[in-house]
Amino acid sequence: MRKIAVAIVVLTAFCLVQADTDAPASKPAEGAAPVVKLVERAKPVASSAPAPEPIKPAPPPIKPAEGPTLRAAEKLYRTGKYDQAVKAYRKLLNSPADALAAAIALAETYEMTGKYDQALAALDGAAEPGKLSADWHVARSEALALVGKYKQSLAAATRAFELRPIWAPAILRLGTAQETIGEKTEAIATYKNIEKTIDKGKYRKQARDLVAAGMVLDRYGVLIGEKASVQAQNVLHNYFQRAYQKVDKTYWPAHVAAGELLIAKHQSKLAGQEFKLAGKVNKRLPIVHAAAAMMYLQKYGFEKAIARANKGLKINPRQSPRLFSPDPLDNLFKNRVPVSEFFTARNRS
């Protein structure tokens, strides 16, 4: 019996515990504060490693120092800053893309100050890339003429013409070289090629080409005996003046060409205006001083003529004042001036 009683007690206790477990959780009494279970957050474990530094943006790349450009060097030349132009062109000789153009322009700059041998050396230094360049052969022909090597000058001009037979500067250079050695008939035939140039019309886009074409037309008319009035106004207005009015206002060789044409047509006053305009662009043009000297001479202003010519000679001491009026100017400067070639109105840039 005792065993049975013990079993009943155990069974009863078990049932009571089970009932308590299955019963729903008792709600808090009305009005009592709700029971909030607090869950403690895990505290971060301190690390002994140092915190990483913030990533800094990469610095901008360092730009290499900008060297001279052909445009900048040309501006120096056109404004008479010849020493600075020489330095700029010499630096550009190290640039494969600019070396040939720089050599040609360097030679031209040397010539403006009478350094004819250095001009030829600059061109010879670019002989390999220049052999297929009409521009290089034209420049070399001009440089050779300045030192009196007229046959070699003719050969270079001929090669330039072969490379570009309808390019106005090549036609002008060959015709001029032929005239220099007395080949009038050949020069006429050469100048006649300008008709093909005009038919193409591309010459009108470049000031240099316009001026060269105008000079060819003028020389052709003179050699075939054409009346001055027939071509002069056309050349002056549609070629020379158009070059500096419509194409490039800084192209002073157009003013110089216009001045020379007007001098030849006995229009000294108008010629003087053109030379003054050239002088405004470039104050260190020997030919401008020569023109002024010639005009003073016409008015018997000998002292002023000498003063202006000497200004030109300071820029280029190797030039001879013999372009416009050979006899009186030659007498005026006899035994005073080393004679070579006179102020060359270059048609480049």
# chains A, B, ... in the order shown; residues from 1 in each chain; ligands from 1
call {"tool": "closest_atom_pairs", "arguments": {"of": "segment 47-150 of chain A", "to": "segment 172-176 of chain A", "cutoff": "12 Å", "atoms": "only C-alpha atoms", "output": "CSV"}}
result
residue,atom,partner,partner_atom,distance
A:Ala134,CA,A:Arg173,CA,10.7
A:Asp135,CA,A:Arg173,CA,10.5
A:Trp136,CA,A:Arg173,CA,11.9
A:His137,CA,A:Arg173,CA,9.6
A:Val138,CA,A:Arg173,CA,6.5
A:Ala139,CA,A:Arg173,CA,9.1
A:Arg140,CA,A:Arg173,CA,10.4
A:Ser141,CA,A:Arg173,CA,7.5
A:Glu142,CA,A:Arg173,CA,7.6
A:Ala143,CA,A:Arg173,CA,11.4
A:Leu144,CA,A:Arg173,CA,11.8
A:Ala145,CA,A:Thr176,CA,10.1
A:Tyr150,CA,A:Thr176,CA,10.5
call {"tool": "residues_around", "arguments": {"residues": "Gly214 of chain A", "least_positions_apart": "6", "cutoff": "8 Å", "atoms": "only C-alpha atoms", "output": "list in words"}}
result
Val235, Leu236, Tyr239 and Phe240 of chain A
call {"tool": "residues_around", "arguments": {"residues": "segment 67-79 of chain A", "least_positions_apart": "3", "cutoff": "7 Å", "atoms": "only C-alpha atoms", "output": "count of residues only"}}
result
9
call {"tool": "residues_around", "arguments": {"residues": "Ala126 of chain A", "least_positions_apart": "3", "cutoff": "9 Å", "atoms": "only C-alpha atoms", "output": "MDAnalysis selection string"}}
result
chainID A and resid 99:100 103:104 121:123 129:131 136
call {"tool": "write_last_selection", "arguments": {"atoms": "N, CA and C atoms", "output": "PDB file, in the first residue's frame"}}
result
ATOM      1  N   ALA A  99      60.896  69.882 -86.709  1.00  0.00           N
ATOM      2  CA  ALA A  99      62.299  70.162 -87.034  1.00  0.00           C
ATOM      3  C   ALA A  99      62.483  70.799 -88.413  1.00  0.00           C
ATOM      4  N   LEU A 100      61.799  70.294 -89.422  1.00  0.00           N
ATOM      5  CA  LEU A 100      61.998  70.810 -90.780  1.00  0.00           C
ATOM      6  C   LEU A 100      61.489  72.244 -90.893  1.00  0.00           C
ATOM      7  N   ALA A 103      63.805  74.565 -89.058  1.00  0.00           N
ATOM      8  CA  ALA A 103      65.067  74.814 -89.761  1.00  0.00           C
ATOM      9  C   ALA A 103      64.882  75.861 -90.859  1.00  0.00           C
ATOM     10  N   ILE A 104      63.788  75.765 -91.600  1.00  0.00           N
ATOM     11  CA  ILE A 104      63.506  76.724 -92.671  1.00  0.00           C
ATOM     12  C   ILE A 104      63.306  78.127 -92.085  1.00  0.00           C
ATOM     13  N   ALA A 121      73.722  76.760 -93.029  1.00  0.00           N
ATOM     14  CA  ALA A 121      74.022  75.642 -92.135  1.00  0.00           C
ATOM     15  C   ALA A 121      72.745  75.075 -91.523  1.00  0.00           C
ATOM     16  N   ALA A 122      71.821  75.954 -91.149  1.00  0.00           N
ATOM     17  CA  ALA A 122      70.554  75.494 -90.576  1.00  0.00           C
ATOM     18  C   ALA A 122      69.779  74.660 -91.585  1.00  0.00           C
ATOM     19  N   LEU A 123      69.782  75.086 -92.838  1.00  0.00           N
ATOM     20  CA  LEU A 123      69.076  74.340 -93.878  1.00  0.00           C
ATOM     21  C   LEU A 123      69.776  73.021 -94.186  1.00  0.00           C
ATOM     22  N   PRO A 129      65.285  65.304 -94.282  1.00  0.00           N
ATOM     23  CA  PRO A 129      63.829  65.471 -94.398  1.00  0.00           C
ATOM     24  C   PRO A 129      63.449  66.528 -95.427  1.00  0.00           C
ATOM     25  N   GLY A 130      64.377  67.418 -95.757  1.00  0.00           N
ATOM     26  CA  GLY A 130      64.051  68.501 -96.673  1.00  0.00           C
ATOM     27  C   GLY A 130      64.135  68.161 -98.139  1.00  0.00           C
ATOM     28  N   LYS A 131      64.738  67.057 -98.468  1.00  0.00           N
ATOM     29  CA  LYS A 131      64.968  66.763 -99.887  1.00  0.00           C
ATOM     30  C   LYS A 131      63.680  66.588-100.688  1.00  0.00           C
ATOM     31  N   TRP A 136      61.632  73.703 -98.464  1.00  0.00           N
ATOM     32  CA  TRP A 136      63.056  73.662 -98.089  1.00  0.00           C
ATOM     33  C   TRP A 136      63.944  74.064 -99.266  1.00  0.00           C
TER      34      TRP A 136
END
call {"tool": "atom_distance", "arguments": {"atom1": "atom CA of Gln118 of chain A", "atom2": "atom CA of Gln152 of chain A"}}
result
17.1 Å
call {"tool": "select_by_dssp", "arguments": {"residues": "segment 162-318 of chain A", "states": "alpha helix (DSSP H)", "output": "PDB file with C-alpha atoms, in the first residue's frame"}}
result
ATOM      1  CA  GLU A 162      59.689  69.984-109.918  1.00  0.00           C
ATOM      2  CA  LEU A 163      58.170  69.022-106.585  1.00  0.00           C
ATOM      3  CA  ALA A 168      53.282  80.186-106.448  1.00  0.00           C
ATOM      4  CA  PRO A 169      56.395  80.528-104.203  1.00  0.00           C
ATOM      5  CA  ALA A 170      58.178  77.819-106.219  1.00  0.00           C
ATOM      6  CA  ILE A 171      57.268  79.513-109.510  1.00  0.00           C
ATOM      7  CA  LEU A 172      58.450  82.875-108.212  1.00  0.00           C
ATOM      8  CA  ARG A 173      61.763  81.490-106.914  1.00  0.00           C
ATOM      9  CA  LEU A 174      62.601  79.664-110.133  1.00  0.00           C
ATOM     10  CA  GLY A 175      61.680  82.630-112.304  1.00  0.00           C
ATOM     11  CA  THR A 176      63.722  84.978-110.104  1.00  0.00           C
ATOM     12  CA  ALA A 177      66.736  82.636-110.219  1.00  0.00           C
ATOM     13  CA  GLN A 178      66.480  82.465-114.006  1.00  0.00           C
ATOM     14  CA  GLU A 179      66.247  86.244-114.320  1.00  0.00           C
ATOM     15  CA  THR A 180      69.273  86.640-112.069  1.00  0.00           C
ATOM     16  CA  LYS A 184      64.737  85.867-119.672  1.00  0.00           C
ATOM     17  CA  THR A 185      63.009  83.450-122.050  1.00  0.00           C
ATOM     18  CA  GLU A 186      63.119  80.646-119.507  1.00  0.00           C
ATOM     19  CA  ALA A 187      61.796  82.971-116.807  1.00  0.00           C
ATOM     20  CA  ILE A 188      58.826  83.957-118.968  1.00  0.00           C
ATOM     21  CA  ALA A 189      57.987  80.281-119.504  1.00  0.00           C
ATOM     22  CA  THR A 190      58.265  79.632-115.786  1.00  0.00           C
ATOM     23  CA  TYR A 191      56.103  82.581-114.802  1.00  0.00           C
ATOM     24  CA  ILE A 194      50.943  80.875-112.654  1.00  0.00           C
ATOM     25  CA  GLU A 195      47.888  80.520-114.892  1.00  0.00           C
ATOM     26  CA  LYS A 196      47.488  76.938-113.662  1.00  0.00           C
ATOM     27  CA  THR A 197      47.851  78.125-110.081  1.00  0.00           C
ATOM     28  CA  ILE A 198      45.121  80.703-110.553  1.00  0.00           C
ATOM     29  CA  ASP A 199      42.835  78.134-112.162  1.00  0.00           C
ATOM     30  CA  LYS A 200      43.130  75.930-109.074  1.00  0.00           C
ATOM     31  CA  ALA A 207      48.915  85.199 -97.577  1.00  0.00           C
ATOM     32  CA  ARG A 208      52.315  83.963 -98.696  1.00  0.00           C
ATOM     33  CA  ASP A 209      50.850  82.313-101.791  1.00  0.00           C
ATOM     34  CA  LEU A 210      48.805  85.396-102.660  1.00  0.00           C
ATOM     35  CA  VAL A 211      51.834  87.661-102.503  1.00  0.00           C
ATOM     36  CA  ALA A 212      53.998  85.269-104.510  1.00  0.00           C
ATOM     37  CA  ALA A 213      51.305  84.924-107.184  1.00  0.00           C
ATOM     38  CA  GLY A 214      51.001  88.704-107.428  1.00  0.00           C
ATOM     39  CA  MET A 215      54.766  89.104-107.793  1.00  0.00           C
ATOM     40  CA  VAL A 216      54.807  86.465-110.544  1.00  0.00           C
ATOM     41  CA  LEU A 217      52.028  88.237-112.439  1.00  0.00           C
ATOM     42  CA  ASP A 218      53.874  91.531-112.152  1.00  0.00           C
ATOM     43  CA  ARG A 219      57.197  90.127-113.360  1.00  0.00           C
ATOM     44  CA  TYR A 220      55.530  88.237-116.191  1.00  0.00           C
ATOM     45  CA  GLY A 221      53.826  91.428-117.375  1.00  0.00           C
ATOM     46  CA  VAL A 222      57.110  93.346-117.254  1.00  0.00           C
ATOM     47  CA  LEU A 223      59.040  90.709-119.203  1.00  0.00           C
ATOM     48  CA  ALA A 228      51.905  98.731-116.428  1.00  0.00           C
ATOM     49  CA  SER A 229      48.322  99.927-116.105  1.00  0.00           C
ATOM     50  CA  VAL A 230      46.949  96.594-117.314  1.00  0.00           C
ATOM     51  CA  GLN A 231      48.130  94.464-114.401  1.00  0.00           C
ATOM     52  CA  ALA A 232      49.290  96.830-111.652  1.00  0.00           C
ATOM     53  CA  GLN A 233      45.909  97.598-110.070  1.00  0.00           C
ATOM     54  CA  ASN A 234      44.879  93.942-110.221  1.00  0.00           C
ATOM     55  CA  VAL A 235      48.088  92.813-108.511  1.00  0.00           C
ATOM     56  CA  GLN A 241      46.356  94.160-100.320  1.00  0.00           C
ATOM     57  CA  ARG A 242      43.994  91.220-100.159  1.00  0.00           C
ATOM     58  CA  TRP A 252      54.106  92.415 -93.411  1.00  0.00           C
ATOM     59  CA  PRO A 253      55.703  90.998 -96.610  1.00  0.00           C
ATOM     60  CA  ALA A 254      52.416  91.912 -98.331  1.00  0.00           C
ATOM     61  CA  HIS A 255      52.933  95.568 -97.395  1.00  0.00           C
ATOM     62  CA  VAL A 256      56.523  95.384 -98.592  1.00  0.00           C
ATOM     63  CA  ALA A 257      55.495  93.849-101.924  1.00  0.00           C
ATOM     64  CA  ALA A 258      52.832  96.530-102.368  1.00  0.00           C
ATOM     65  CA  GLY A 259      55.391  99.224-101.569  1.00  0.00           C
ATOM     66  CA  GLU A 260      57.870  97.864-104.085  1.00  0.00           C
ATOM     67  CA  LEU A 261      55.191  97.683-106.776  1.00  0.00           C
ATOM     68  CA  LEU A 262      54.139 101.277-106.140  1.00  0.00           C
ATOM     69  CA  ILE A 263      57.754 102.444-106.195  1.00  0.00           C
ATOM     70  CA  ALA A 264      58.174 100.800-109.601  1.00  0.00           C
ATOM     71  CA  SER A 268      56.169 107.118-103.968  1.00  0.00           C
ATOM     72  CA  LYS A 269      53.579 108.589-101.605  1.00  0.00           C
ATOM     73  CA  LEU A 270      51.406 105.485-101.671  1.00  0.00           C
ATOM     74  CA  ALA A 271      54.500 103.318-101.429  1.00  0.00           C
ATOM     75  CA  GLY A 272      55.537 105.171 -98.295  1.00  0.00           C
ATOM     76  CA  GLN A 273      52.180 104.378 -96.712  1.00  0.00           C
ATOM     77  CA  GLU A 274      52.644 100.662 -97.377  1.00  0.00           C
ATOM     78  CA  PHE A 275      56.139 100.652 -95.884  1.00  0.00           C
ATOM     79  CA  LYS A 276      54.881 102.487 -92.810  1.00  0.00           C
ATOM     80  CA  LEU A 277      52.202  99.826 -92.346  1.00  0.00           C
ATOM     81  CA  ALA A 278      54.880  97.152 -92.572  1.00  0.00           C
ATOM     82  CA  GLY A 279      56.908  99.031 -89.958  1.00  0.00           C
ATOM     83  CA  LYS A 280      53.960  99.045 -87.564  1.00  0.00           C
ATOM     84  CA  VAL A 281      53.897  95.250 -87.599  1.00  0.00           C
ATOM     85  CA  PRO A 286      65.732  96.838 -92.839  1.00  0.00           C
ATOM     86  CA  ILE A 287      63.757  97.328 -96.035  1.00  0.00           C
ATOM     87  CA  VAL A 288      61.469  99.858 -94.342  1.00  0.00           C
ATOM     88  CA  HIS A 289      64.480 101.958 -93.398  1.00  0.00           C
ATOM     89  CA  ALA A 290      65.832 101.603 -96.937  1.00  0.00           C
ATOM     90  CA  ALA A 291      62.550 102.818 -98.399  1.00  0.00           C
ATOM     91  CA  ALA A 292      62.554 105.812 -96.090  1.00  0.00           C
ATOM     92  CA  ALA A 293      66.164 106.559 -97.049  1.00  0.00           C
ATOM     93  CA  MET A 294      65.274 106.450-100.728  1.00  0.00           C
ATOM     94  CA  MET A 295      62.365 108.838-100.239  1.00  0.00           C
ATOM     95  CA  TYR A 296      64.489 111.291 -98.286  1.00  0.00           C
ATOM     96  CA  LEU A 297      67.044 111.090-101.047  1.00  0.00           C
ATOM     97  CA  GLN A 298      64.440 112.046-103.649  1.00  0.00           C
ATOM     98  CA  PHE A 302      70.860 113.417 -97.607  1.00  0.00           C
ATOM     99  CA  GLU A 303      71.490 113.445 -93.861  1.00  0.00           C
ATOM    100  CA  LYS A 304      68.128 111.883 -93.098  1.00  0.00           C
ATOM    101  CA  ALA A 305      68.650 109.353 -95.868  1.00  0.00           C
ATOM    102  CA  ILE A 306      71.977 108.283 -94.360  1.00  0.00           C
ATOM    103  CA  ALA A 307      70.481 108.095 -90.874  1.00  0.00           C
ATOM    104  CA  ARG A 308      67.610 105.835 -91.960  1.00  0.00           C
ATOM    105  CA  ALA A 309      69.825 103.595 -94.069  1.00  0.00           C
ATOM    106  CA  ASN A 310      72.224 103.190 -91.160  1.00  0.00           C
ATOM    107  CA  LYS A 311      69.337 102.021 -88.961  1.00  0.00           C
ATOM    108  CA  GLY A 312      68.714  99.257 -91.452  1.00  0.00           C
ATOM    109  CA  LEU A 313      72.377  98.391 -91.562  1.00  0.00           C
ATOM    110  CA  LYS A 314      72.488  97.989 -87.794  1.00  0.00           C
ATOM    111  CA  ILE A 315      69.933  95.214 -88.176  1.00  0.00           C
TER     112      ILE A 315
END
